[in-house]
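S.K.: Here you go, this is upload-v4.cif (mmCIF, C-alpha atoms).
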data_structure
#
loop_
_atom_site.label_atom_id
_atom_site.label_comp_id
_atom_site.auth_asym_id
_atom_site.auth_seq_id
_atom_site.Cartn_x
_atom_site.Cartn_y
_atom_site.Cartn_z
CA MET A 607 71.61 76.61 6.57
CA PRO A 608 72.52 72.90 6.47
CA SER A 609 75.54 71.86 8.49
CA GLN A 610 78.59 71.05 6.48
CA ARG A 611 80.58 68.14 7.74
CA ARG A 612 84.23 68.02 7.04
CA ARG A 613 85.29 64.78 5.52
CA ARG A 614 87.92 63.24 7.76
CA ALA A 615 90.98 61.76 6.17
CA PRO A 616 91.57 58.08 6.92
CA ARG A 617 93.56 57.54 10.11
CA ALA A 618 97.31 57.52 9.54
CA VAL A 619 99.74 55.14 11.21
CA LEU A 620 103.50 55.01 11.47
CA LEU A 621 105.26 51.68 11.08
CA LEU A 622 108.65 51.11 12.64
CA SER A 623 110.90 48.20 11.82
CA ALA A 624 114.56 47.65 12.66
CA TYR A 625 116.84 45.85 10.19
CA PRO A 626 120.29 44.40 10.82
CA ARG A 627 121.65 46.03 7.64
CA ARG A 628 120.90 49.24 5.80
CA ALA A 629 120.65 47.46 2.43
CA ALA A 630 117.78 45.29 3.68
CA ALA A 631 115.93 48.33 5.04
CA GLU A 632 116.42 50.18 1.72
CA ARG A 633 115.04 47.19 -0.23
CA ALA A 634 112.01 47.07 2.06
CA ALA A 635 111.42 50.82 1.69
CA ARG A 636 111.54 50.65 -2.10
CA GLY A 637 109.20 47.66 -2.19
CA LEU A 638 106.65 49.10 0.23
CA VAL A 639 106.44 52.43 -1.61
CA GLY A 640 106.62 50.80 -5.04
CA ASP A 641 103.75 48.46 -4.20
CA GLY A 642 101.69 51.35 -2.84
CA VAL A 643 101.34 49.82 0.61
CA VAL A 644 102.89 52.90 2.22
CA ALA A 645 103.06 56.50 1.04
CA CYS A 646 106.56 57.18 2.29
CA ALA A 647 109.39 55.25 3.91
CA THR A 648 112.47 56.70 5.58
CA VAL A 649 115.58 54.66 6.37
CA VAL A 650 117.73 55.84 9.27
CA PRO A 651 121.11 54.06 9.16
CA ASN A 652 123.88 53.65 11.72
CA GLY A 653 121.81 52.76 14.77
CA ARG A 654 122.70 50.27 17.44
CA ALA A 655 120.15 47.91 19.00
CA HIS A 656 120.65 46.77 22.60
CA TYR A 657 118.52 43.79 23.62
CA ARG A 658 118.46 40.39 25.25
CA TRP A 659 118.06 37.38 22.96
CA LYS A 660 117.87 33.85 24.31
CA GLY A 661 119.33 35.01 27.62
CA VAL A 662 122.31 36.84 26.10
CA LEU A 663 122.73 40.61 26.08
CA ARG A 664 123.37 41.83 22.54
CA ALA A 665 124.36 45.11 20.88
CA ASP A 666 124.13 44.94 17.09
CA PRO A 667 124.12 47.41 14.19
CA SER A 668 120.64 48.51 13.20
CA ALA A 669 118.92 50.54 10.48
CA LEU A 670 115.44 51.86 11.22
CA LEU A 671 112.64 51.93 8.69
CA TRP A 672 109.87 54.48 9.34
CA ALA A 673 106.90 54.03 7.02
CA LYS A 674 103.70 56.08 6.78
CA THR A 675 100.38 54.59 5.68
CA THR A 676 96.73 54.41 6.73
CA ALA A 677 95.25 52.17 9.41
CA ALA A 678 93.38 50.35 6.65
CA ARG A 679 96.66 49.46 4.89
CA ALA A 680 98.69 48.69 8.03
CA ARG A 681 97.99 44.95 8.01
CA ALA A 682 99.19 44.65 4.40
CA ALA A 683 102.31 46.65 5.26
CA VAL A 684 103.08 44.42 8.25
CA ARG A 685 102.67 41.32 6.07
CA ALA A 686 104.99 42.77 3.42
CA ILE A 687 107.65 43.71 5.98
CA ARG A 688 107.45 40.29 7.63
CA ALA A 689 107.70 38.44 4.32
CA GLY A 690 110.99 40.08 3.39
CA HIS A 691 112.58 40.63 6.79
CA PRO A 692 115.83 38.77 7.55
CA ASP A 693 115.18 38.37 11.32
CA SER A 694 113.29 35.38 12.73
CA VAL A 695 111.33 37.68 15.08
CA PRO A 696 111.42 41.09 13.42
CA GLU A 697 110.60 44.30 15.22
CA ILE A 698 107.46 45.59 13.51
CA LEU A 699 105.41 48.20 15.34
CA VAL A 700 102.27 49.99 14.17
CA ILE A 701 101.95 53.34 15.93
CA PRO A 702 98.70 55.34 15.63
CA VAL A 703 99.10 58.96 14.56
CA SER A 704 96.92 61.18 16.74
CA GLY A 705 97.32 64.30 14.61
CA GLY A 706 99.57 66.18 12.27
CA HIS A 707 99.70 68.55 9.33
CA ALA A 708 96.35 67.98 7.60
CA PRO A 709 97.65 68.28 4.01
CA TYR A 710 100.38 65.71 4.75
CA LEU A 711 97.92 63.29 6.33
CA ALA A 712 95.64 63.69 3.30
CA TRP A 713 98.61 63.04 0.99
CA ILE A 714 99.36 59.77 2.83
CA ALA A 715 95.77 58.63 2.39
CA ASN A 716 95.65 59.64 -1.28
CA GLU A 717 98.90 57.84 -2.09
CA VAL A 718 97.93 54.50 -0.61
CA GLU A 719 94.31 54.61 -1.73
CA ARG A 720 95.12 55.30 -5.37
CA SER A 721 97.46 52.28 -5.36
CA ARG A 722 94.74 49.83 -4.33
#
Rewrite the structure of this file - the entire thing - as structure tokens.
M.R.:
Amino acid sequence: MPSQRRRRAPRAVLLLSAYPRRAAAERAARGLVGDGVVACATVVPNGRAHYRWKGVLRADPSALLWAKTTAARARAAVRAIRAGHPDSVPEILVIPVSGGHAPYLAWIANEVERSR
């Protein structure tokens, strides 16, 4: 009996970006999903970012954008976030997903691949 190989879904990644205002994060989420660069984007409002900028400690309002896509589409997503981000040095992180619910991971891949 020949061995049957399971086809692996493309590797998923999670993108994280902080925005100074919720409205900017919402615009980014709509654009990323609308353009098919990410399968899903979640905006978490009412955060507070604590950081040092140019030697000064800061604490500013923050809205987090969590976006799910594939590793193959991550570079395009980072470019899109950077192009529309209001900060001069935006927080944009690409975090590899090591596992998860297989049907959800397949859905992510299907959504971004059909938009290419």
S.K.: Between A:Ala618, A:Ala689, A:Ala673, A:Glu697, single out the one closest to Tyr657 in chain A, counting all atoms listed in the file.
M.R.: A:Glu697
S.K.: Do you have the CA of Leu670 in chain A-CA of His707 in chain A distance handy?
M.R.: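 Result for CA of Leu670 in chain A versus CA of His707 in chain A: 23.0 Å, one decimal.
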S.K.: Please evaluate the PyMOL selection byres ((chain A and resi 680) around 10) against the displayed coordinates and give the resulting residues as a list in words.
M.R.: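 What the PyMOL selection byres ((chain A and resi 680) around 10) grabs from the file is Ala618, Val619, Leu620, Leu621, Val643, Val644, Ala673, Lys674, Thr675, Thr676, Ala677, Ala678, Arg679, Arg681, Ala682, Ala683, Val684, Arg685, Ala686, Leu699, Val700 and Ile701 of chain A.
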S.K.: Please write as a PyMOL selection string the full residue list that the PyMOL selection byres ((chain A and resi 632) around 12) yields on this file.
M.R.: chain A and resi 623-631+633-640+647-651+669-673+687+690-691
S.K.: From the options A:Ala708, A:Cys646, A:Leu622, A:Val718, which residue's atoms come nearest to Pro696 in chain A, counting all atoms listed in the file?
M.R.: A:Leu622
S.K.: Show me, as AutoDock Vina command-line options, the centre and edge lengths in Å to one decimal of the axis-aligned box that covers every listed atom of range 706-715 of chain A with 4 Å on each side.
M.R.:
--center_x 98.0 --center_y 63.6 --center_z 6.6 --size_x 12.7 --size_y 17.9 --size_z 19.3
S.K.: Quick check, in Å to one decimal: how far apart do CA of Val695 in chain A and CA of Trp659 in chain A lie?
M.R.: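 CA of Val695 in chain A sits 10.4 Å away from CA of Trp659 in chain A.
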S.K.: Could you jot down the CA of Pro667 in chain A to CA of Val703 in chain A separation for me, Å, one decimal place?
M.R.: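 These atoms are spaced 27.6 Å apart.
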S.K.: Name every residue that the PyMOL selection byres ((chain A and resi 666) around 9) selects in this structure, writing the answer as a PDB file with C-alpha atoms, keeping the file's coordinate frame with chains first and numbers rising.
M.R.:
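Ended up saving to expr22.pdb:
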ATOM      1  CA  PRO A 626     120.290  44.400  10.820  1.00  0.00           C
ATOM      2  CA  GLY A 653     121.810  52.760  14.770  1.00  0.00           C
ATOM      3  CA  ARG A 654     122.700  50.270  17.440  1.00  0.00           C
ATOM      4  CA  ALA A 655     120.150  47.910  19.000  1.00  0.00           C
ATOM      5  CA  HIS A 656     120.650  46.770  22.600  1.00  0.00           C
ATOM      6  CA  TYR A 657     118.520  43.790  23.620  1.00  0.00           C
ATOM      7  CA  ARG A 664     123.370  41.830  22.540  1.00  0.00           C
ATOM      8  CA  ALA A 665     124.360  45.110  20.880  1.00  0.00           C
ATOM      9  CA  PRO A 667     124.120  47.410  14.190  1.00  0.00           C
ATOM     10  CA  SER A 668     120.640  48.510  13.200  1.00  0.00           C
TER      11      SER A 668
END
